[in-house]
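Enquirer: There's a structure below that I have some questions on.
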There are 2 protein chains.
Amino acid sequence: MRAEIISIGTELLLGQITDTNAATLGEFLARQGITHTHRQTVGDNLPRIVEAIQLALTRAEIIFTIGGLGPTPDDLTRLAIAQSIGEELTLDEAIKAHLIEEYGKRGLKMSESQFRQAERPPSGTPIPNPNGTAPGLHTEKDNHHIFALPGPKSEFGPMLAGPVKEILGQIHSGDPLHSRTLRVVGVSEAIIGEKLASLMDAKNPTVAPYAKTGEVHLRITTSAATTEEADKIINPIADQIHTILGSAIYAEGEESLAAWIIQELTRRGQTIATAESCTGGLLAAEFTSIDGSSKVFPAGFVTYSAESKHRELGVDLETLRTHGTVAEPTAIEMATGARELAQTDFAISITGVAGAVPLDEPPSPKASGLVFVGIASPQGNAVHRLHFRGSRDIIRTRAVIAALIRFRDILIVI
Amino acid sequence: MRAEIISIGTELLLGQITDTNAATLGEFLARQGITHTHRQTVGDNLPRIVEAIQLALTRAEIIFTIGGLGPTPDDLTRLAIAQSIGEELTLDEAIKAHLIEEYGKRGLKMSESQFRQAERPPSGTPIPNPNGTAPGLHTEKDNHHIFALPGPKSEFGPMLAGPVKEILGQIHSGDPLHSRTLRVVGVSEAIIGEKLASLMDAKNPTVAPYAKTGEVHLRITTSAATTEEADKIINPIADQIHTILGSAIYAEGEESLAAWIIQELTRRGQTIATAESCTGGLLAAEFTSIDGSSKVFPAGFVTYSAESKHRELGVDLETLRTHGTVAEPTAIEMATGARELAQTDFAISITGVAGAVPLDEPPSPKASGLVFVGIASPQGNAVHRLHFRGSRDIIRTRAVIAALIRFRDILIVI
């Protein structure tokens, strides 16, 4: 069966919002093993939405519309679906009662115009909305399915992952999908594409790269009745990719490095502090973005000037004079200083040149992109010299990821 | 004249990348006053790309394709355009010479297959690529224009803003566009839509909301021969919006608050430090993301635990015992502590409950979302009590924006 996506909303055309829902749905369909070859985007205009649905019906059996389900006159998706399949909208009393109840729970009273959200064509059934009031709509007619999903991300995601996935499982029978994700850093998607060209052309298992901030996720997917069967298909390909990409593969799975580190330290009852220069708080922000990090991460220091590295972290003035702020000994003293001050088991420091060389830096051949990561631990200290290319933002992001990777490597062995 | 966008790439369908280029182009077209009503997305498949272009030619005079211009066999856009307009691709010797030169500059030798990037239909002319090697393609035939733009963001943006804008200026004559941007915080796009419904329905000037992280940009746009004429149309509407939204409008223009603050402090020769709890380094990261911030921002402190607030920033143990970590006096002592330690003119502190209440917090009725922003200045100290709703990430982002706004308000008056 083939699917097609229709994103609806003038705000999408005008670029007021980026269509992340369509990307989410595309990835979801790929995971379900459902092919989709076209996506259309139209504004809040009835004839154009109808035309788009009718075009999609000529080339796909499963159509997804995203958006246009709200209570305002701009929301035309229900009506467009009814017109596309030659039906009239009727008020569904059960949906109406459900809406009144849901609005009531939120202390709201429904206006007459909002009852349009309770309308559906006779061939349609409501899709429960786990995270909102108005339901989606699943229409089945002449072996064609139309799924109308809401535009707000917080409603779209849960509806897709819950009820829609369930209905699709009944429509699109087949073995479940299994996948394994290899996480790659320091190699561009283009280079990965070149190196893995033959593997990525193969149909079973599929190998697909997903670009994330500062890294690429390589997902190997196959459908199989059991995990064991899937492993037999996926693992040899994973081994090949490990051979080809080597140490560029730094982890497996979809969990963030920071989350893994926080969990591991929580399990051990250990703590960590940070001392940052060029990344200016991004590493601390990465740790503190994880729920429960307060038990593990008591404190971080952003020492952006040379002076503050001495004053706040106790980096020796002689070290700064001799080596400058971007240097191995400085990185080590930042890490050991932070570890002592915050009284933690570990500390990570980052110092580097992310943009223009700071004015308080002595003249040196240090180029933008040079970064040192220092790690202080009960077993001793380590420092890593790294070099990144790209904009200020890219260098900062890469430096944070590199620091997390180095720390994880240490945590695994001690 | 009407435009249509065709995004090309299997990786877009699979959700491996989000189509931010199409959103950028949509916003660009809106700014140029060019209507566009449809967007299509197709994979790297020749018949489907040709079909999409031919469909677009029936309903628009200006077609933009994005992607598929690279050197690999998957890159089919040039060929699809030629087929759509019934022409044959020919090798352009001038482009070929240019490519060899550009590759040479980068120390690369071109392979035979890469010369396909020098092919064009006879009706096409190359569009210079300010930020890459291979040119785009502008085809003009039967009063229809096709612009083929590259997919990589770093090449797409500069080509659009430079040569494409210039060519469009010749095709689409009319008065230049003028706009004014009001920045709104603390009010959702939906509420803005309700409150400004009549203004947003108007055609001249147009009022369009652009959702950004934690805020909404409201852009008022009109076309006029001179700035004075534009002001006469735009300013009364801006005044109306100011009356309706009041203090929710916190700034004008597209420049970030952090950039404005760094510039203002640089001009004055003053400095600032940060002391963060729940935002865990995000405020420091915001300042240090600005090039040149090192002169203004020497140091920041992330004091996530109660103990570190005392140890690192000198917050009184009695204050912490009596009031807890999330409280007015704690916020003030964090700010004054950071200001003294970093020896800066100003310091901003943020302490609040972004997720679950920390374990080292004494039991209290403090709910998630409660945030205190403290500001220490040579003229004295201030503290703001705020309350945000939403996920951990949203509360953290809002808290950083609120802190920047409060500090800007103070900076304006002293």
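Chains: A, B, ... in order of the structure tokens. Residues: from 1 per chain. Ligands: from 1, in order shown.
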Taking only C-alpha atoms into account, produce a table as JSON lines in which each residue of range 78-180 of chain A with an atom at most 10 Å from an atom of range 231-249 of chain A appears once, together with its shortest atom pair and the distance in Å to one decimal, ordered by chain and rising number.

Expert:
```
{"residue": "A:His178", "atom": "CA", "partner": "A:Asp231", "partner_atom": "CA", "distance": 8.5}
{"residue": "A:Ser179", "atom": "CA", "partner": "A:Ile234", "partner_atom": "CA", "distance": 7.6}
{"residue": "A:Arg180", "atom": "CA", "partner": "A:Ile234", "partner_atom": "CA", "distance": 7.5}
```

Enquirer: Show me, as a ChimeraX atom specification, every residue of chain B with an atom at most 7 Å from chain A, counting only C-alpha atoms.

Expert: /B:12-20,23-24,26-27,30,37-43,209-211,279-282,284-285,288,291,294,297-305,308,342,355,358

Enquirer: Report as a PDB file with C-alpha atoms, in the first residue's frame: the residues of range 248-335 of chain A with a DSSP assignment of alpha helix (DSSP H), based on the backbone of this structure.

Expert:
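File produced: selection.pdb:
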```pdb
ATOM      1  CA  LEU A 257      24.676  10.937  25.614  1.00  0.00           C
ATOM      2  CA  ALA A 258      23.935  13.359  28.441  1.00  0.00           C
ATOM      3  CA  ALA A 259      20.957  11.254  29.544  1.00  0.00           C
ATOM      4  CA  TRP A 260      23.105   8.115  29.521  1.00  0.00           C
ATOM      5  CA  ILE A 261      25.785   9.832  31.620  1.00  0.00           C
ATOM      6  CA  ILE A 262      23.284  11.210  34.155  1.00  0.00           C
ATOM      7  CA  GLN A 263      21.702   7.749  34.520  1.00  0.00           C
ATOM      8  CA  GLU A 264      25.041   6.029  34.905  1.00  0.00           C
ATOM      9  CA  LEU A 265      26.267   8.513  37.538  1.00  0.00           C
ATOM     10  CA  THR A 266      22.936   8.277  39.406  1.00  0.00           C
ATOM     11  CA  ARG A 267      23.286   4.499  39.475  1.00  0.00           C
ATOM     12  CA  ARG A 268      26.809   4.821  40.877  1.00  0.00           C
ATOM     13  CA  LEU A 282      26.109  24.667  26.736  1.00  0.00           C
ATOM     14  CA  LEU A 283      27.583  21.581  28.403  1.00  0.00           C
ATOM     15  CA  ALA A 284      25.968  22.489  31.734  1.00  0.00           C
ATOM     16  CA  ALA A 285      22.684  23.165  29.908  1.00  0.00           C
ATOM     17  CA  GLU A 286      22.922  19.727  28.279  1.00  0.00           C
ATOM     18  CA  PHE A 287      23.240  18.002  31.665  1.00  0.00           C
ATOM     19  CA  THR A 288      20.558  20.119  33.350  1.00  0.00           C
ATOM     20  CA  ALA A 306      41.420  34.514  31.304  1.00  0.00           C
ATOM     21  CA  GLU A 307      41.055  36.348  34.602  1.00  0.00           C
ATOM     22  CA  SER A 308      37.942  34.413  35.610  1.00  0.00           C
ATOM     23  CA  LYS A 309      39.728  31.115  34.897  1.00  0.00           C
ATOM     24  CA  HIS A 310      42.245  32.130  37.539  1.00  0.00           C
ATOM     25  CA  ARG A 311      39.820  33.770  39.952  1.00  0.00           C
ATOM     26  CA  GLU A 312      36.905  31.321  39.761  1.00  0.00           C
ATOM     27  CA  LEU A 313      38.719  28.042  39.126  1.00  0.00           C
ATOM     28  CA  LEU A 317      48.471  32.704  36.456  1.00  0.00           C
ATOM     29  CA  GLU A 318      51.783  31.288  35.299  1.00  0.00           C
ATOM     30  CA  THR A 319      49.965  28.600  33.281  1.00  0.00           C
ATOM     31  CA  LEU A 320      47.819  31.258  31.613  1.00  0.00           C
ATOM     32  CA  ARG A 321      50.856  33.461  30.888  1.00  0.00           C
ATOM     33  CA  THR A 322      52.945  30.632  29.464  1.00  0.00           C
ATOM     34  CA  HIS A 323      50.321  28.632  27.588  1.00  0.00           C
ATOM     35  CA  GLU A 328      46.324  21.515  27.523  1.00  0.00           C
ATOM     36  CA  PRO A 329      47.548  22.610  30.961  1.00  0.00           C
ATOM     37  CA  THR A 330      44.781  25.233  31.176  1.00  0.00           C
ATOM     38  CA  ALA A 331      42.109  22.642  30.331  1.00  0.00           C
ATOM     39  CA  ILE A 332      43.461  20.296  33.017  1.00  0.00           C
ATOM     40  CA  GLU A 333      43.636  23.017  35.675  1.00  0.00           C
ATOM     41  CA  MET A 334      40.094  24.133  34.818  1.00  0.00           C
ATOM     42  CA  ALA A 335      38.819  20.579  35.288  1.00  0.00           C
TER      43      ALA A 335
END
```

Enquirer: Just the strand (DSSP E or B) stuff from range 184-309 of chain B, please, per backbone DSSP, written as a PyMOL selection string.

Expert: chain B and resi 184+206-212+215-223+249-252+272-276+299-303

Enquirer: Can those selected residues be exported to a file as an mmCIF file, in the first residue's frame so that it contains N, CA and C atoms?

Expert:
```
data_model
loop_
_atom_site.group_PDB
_atom_site.id
_atom_site.type_symbol
_atom_site.label_atom_id
_atom_site.label_comp_id
_atom_site.auth_asym_id
_atom_site.auth_seq_id
_atom_site.Cartn_x
_atom_site.Cartn_y
_atom_site.Cartn_z
ATOM 1 N N VAL B 184 6.767 39.616 20.489
ATOM 2 C CA VAL B 184 5.776 39.382 21.533
ATOM 3 C C VAL B 184 6.187 38.172 22.363
ATOM 4 N N THR B 206 -0.023 43.778 5.463
ATOM 5 C CA THR B 206 -0.257 42.441 5.995
ATOM 6 C C THR B 206 0.365 42.348 7.386
ATOM 7 N N VAL B 207 -0.289 41.592 8.259
ATOM 8 C CA VAL B 207 0.236 41.343 9.602
ATOM 9 C C VAL B 207 0.374 39.832 9.741
ATOM 10 N N ALA B 208 1.600 39.352 9.862
ATOM 11 C CA ALA B 208 1.817 37.898 9.914
ATOM 12 C C ALA B 208 2.653 37.528 11.128
ATOM 13 N N PRO B 209 2.207 36.501 11.870
ATOM 14 C CA PRO B 209 2.974 36.044 13.026
ATOM 15 C C PRO B 209 3.974 34.961 12.639
ATOM 16 N N TYR B 210 5.188 35.027 13.179
ATOM 17 C CA TYR B 210 6.194 34.001 12.961
ATOM 18 C C TYR B 210 6.610 33.455 14.330
ATOM 19 N N ALA B 211 6.284 32.192 14.577
ATOM 20 C CA ALA B 211 6.594 31.590 15.878
ATOM 21 C C ALA B 211 8.090 31.316 15.972
ATOM 22 N N LYS B 212 8.735 31.861 16.998
ATOM 23 C CA LYS B 212 10.150 31.587 17.262
ATOM 24 C C LYS B 212 10.226 30.919 18.636
ATOM 25 N N GLU B 215 8.877 32.933 21.739
ATOM 26 C CA GLU B 215 8.289 34.232 21.422
ATOM 27 C C GLU B 215 7.642 34.191 20.045
ATOM 28 N N VAL B 216 6.931 35.253 19.705
ATOM 29 C CA VAL B 216 6.324 35.354 18.385
ATOM 30 C C VAL B 216 6.755 36.682 17.763
ATOM 31 N N HIS B 217 7.197 36.630 16.514
ATOM 32 C CA HIS B 217 7.489 37.863 15.783
ATOM 33 C C HIS B 217 6.266 38.229 14.947
ATOM 34 N N LEU B 218 5.789 39.452 15.103
ATOM 35 C CA LEU B 218 4.660 39.934 14.302
ATOM 36 C C LEU B 218 5.217 40.879 13.248
ATOM 37 N N ARG B 219 5.127 40.477 11.994
ATOM 38 C CA ARG B 219 5.713 41.331 10.961
ATOM 39 C C ARG B 219 4.613 42.074 10.195
ATOM 40 N N ILE B 220 4.708 43.401 10.176
ATOM 41 C CA ILE B 220 3.749 44.244 9.451
ATOM 42 C C ILE B 220 4.434 44.666 8.156
ATOM 43 N N THR B 221 3.803 44.334 7.016
ATOM 44 C CA THR B 221 4.477 44.549 5.741
ATOM 45 C C THR B 221 3.586 45.280 4.743
ATOM 46 N N THR B 222 4.182 46.186 3.976
ATOM 47 C CA THR B 222 3.453 46.820 2.887
ATOM 48 C C THR B 222 4.437 47.094 1.758
ATOM 49 N N SER B 223 3.919 47.322 0.562
ATOM 50 C CA SER B 223 4.820 47.762 -0.503
ATOM 51 C C SER B 223 4.554 49.239 -0.748
ATOM 52 N N ILE B 249 4.387 43.104 23.997
ATOM 53 C CA ILE B 249 5.388 43.476 22.991
ATOM 54 C C ILE B 249 6.608 43.990 23.742
ATOM 55 N N TYR B 250 7.700 43.232 23.647
ATOM 56 C CA TYR B 250 8.847 43.590 24.486
ATOM 57 C C TYR B 250 9.977 44.211 23.686
ATOM 58 N N ALA B 251 9.905 44.154 22.370
ATOM 59 C CA ALA B 251 10.989 44.724 21.568
ATOM 60 C C ALA B 251 10.519 44.866 20.130
ATOM 61 N N GLU B 252 11.323 45.582 19.325
ATOM 62 C CA GLU B 252 11.068 45.654 17.880
ATOM 63 C C GLU B 252 12.314 45.162 17.149
ATOM 64 N N ILE B 272 28.976 41.903 32.593
ATOM 65 C CA ILE B 272 27.880 41.181 33.246
ATOM 66 C C ILE B 272 28.289 39.750 33.567
ATOM 67 N N ALA B 273 27.746 39.217 34.650
ATOM 68 C CA ALA B 273 27.953 37.803 35.003
ATOM 69 C C ALA B 273 26.586 37.155 35.190
ATOM 70 N N THR B 274 26.549 35.816 35.199
ATOM 71 C CA THR B 274 25.287 35.105 35.392
ATOM 72 C C THR B 274 25.410 34.093 36.531
ATOM 73 N N ALA B 275 24.282 33.845 37.197
ATOM 74 C CA ALA B 275 24.220 32.811 38.246
ATOM 75 C C ALA B 275 22.924 32.052 38.009
ATOM 76 N N GLU B 276 23.033 30.790 37.577
ATOM 77 C CA GLU B 276 21.840 30.061 37.147
ATOM 78 C C GLU B 276 21.600 28.808 37.956
ATOM 79 N N ALA B 299 32.326 35.732 33.168
ATOM 80 C CA ALA B 299 32.091 34.478 33.896
ATOM 81 C C ALA B 299 30.622 34.259 34.231
ATOM 82 N N GLY B 300 30.264 32.983 34.321
ATOM 83 C CA GLY B 300 28.924 32.599 34.749
ATOM 84 C C GLY B 300 29.024 31.436 35.718
ATOM 85 N N PHE B 301 28.004 31.280 36.542
ATOM 86 C CA PHE B 301 27.993 30.194 37.513
ATOM 87 C C PHE B 301 26.714 29.390 37.349
ATOM 88 N N VAL B 302 26.866 28.061 37.308
ATOM 89 C CA VAL B 302 25.692 27.205 37.326
ATOM 90 C C VAL B 302 25.679 26.541 38.694
ATOM 91 N N THR B 303 24.809 27.001 39.568
ATOM 92 C CA THR B 303 24.757 26.441 40.920
ATOM 93 C C THR B 303 23.442 25.709 41.056
#
```

Enquirer: Please provide the set of residues having any atom within 10 Å of Thr90 in chain A, restricted to only C-alpha atoms, with same-chain residues fewer than 5 positions apart removed, written as a ChimeraX atom specification.

Expert: /A:82,116,118-122

Enquirer: May I have the residues within 7 Å of range 152-162 of chain A as a ChimeraX atom specification, using only C-alpha atoms and disregarding those fewer than 5 positions away in the same chain?

Expert: /A:21,129-132

Enquirer: Since we have the selection now, will you write its residues out, keeping C-alpha atoms, as a PDB file, in the first residue's frame?

Expert:
```pdb
ATOM      1  CA  ASN A  21       4.961  17.110  11.415  1.00  0.00           C
ATOM      2  CA  ASN A 129      -6.960  12.572  20.614  1.00  0.00           C
ATOM      3  CA  PRO A 130      -4.903  11.508  23.658  1.00  0.00           C
ATOM      4  CA  ASN A 131      -3.533  15.014  24.147  1.00  0.00           C
ATOM      5  CA  GLY A 132      -6.311  17.411  23.124  1.00  0.00           C
TER       6      GLY A 132
END
```

Enquirer: Just to confirm, what's the straight-line distance from CA of Ala56 in chain A to CA of Asn143 in chain B in Å (one decimal)?

Expert: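 Those two atoms sit 28.6 Å apart.
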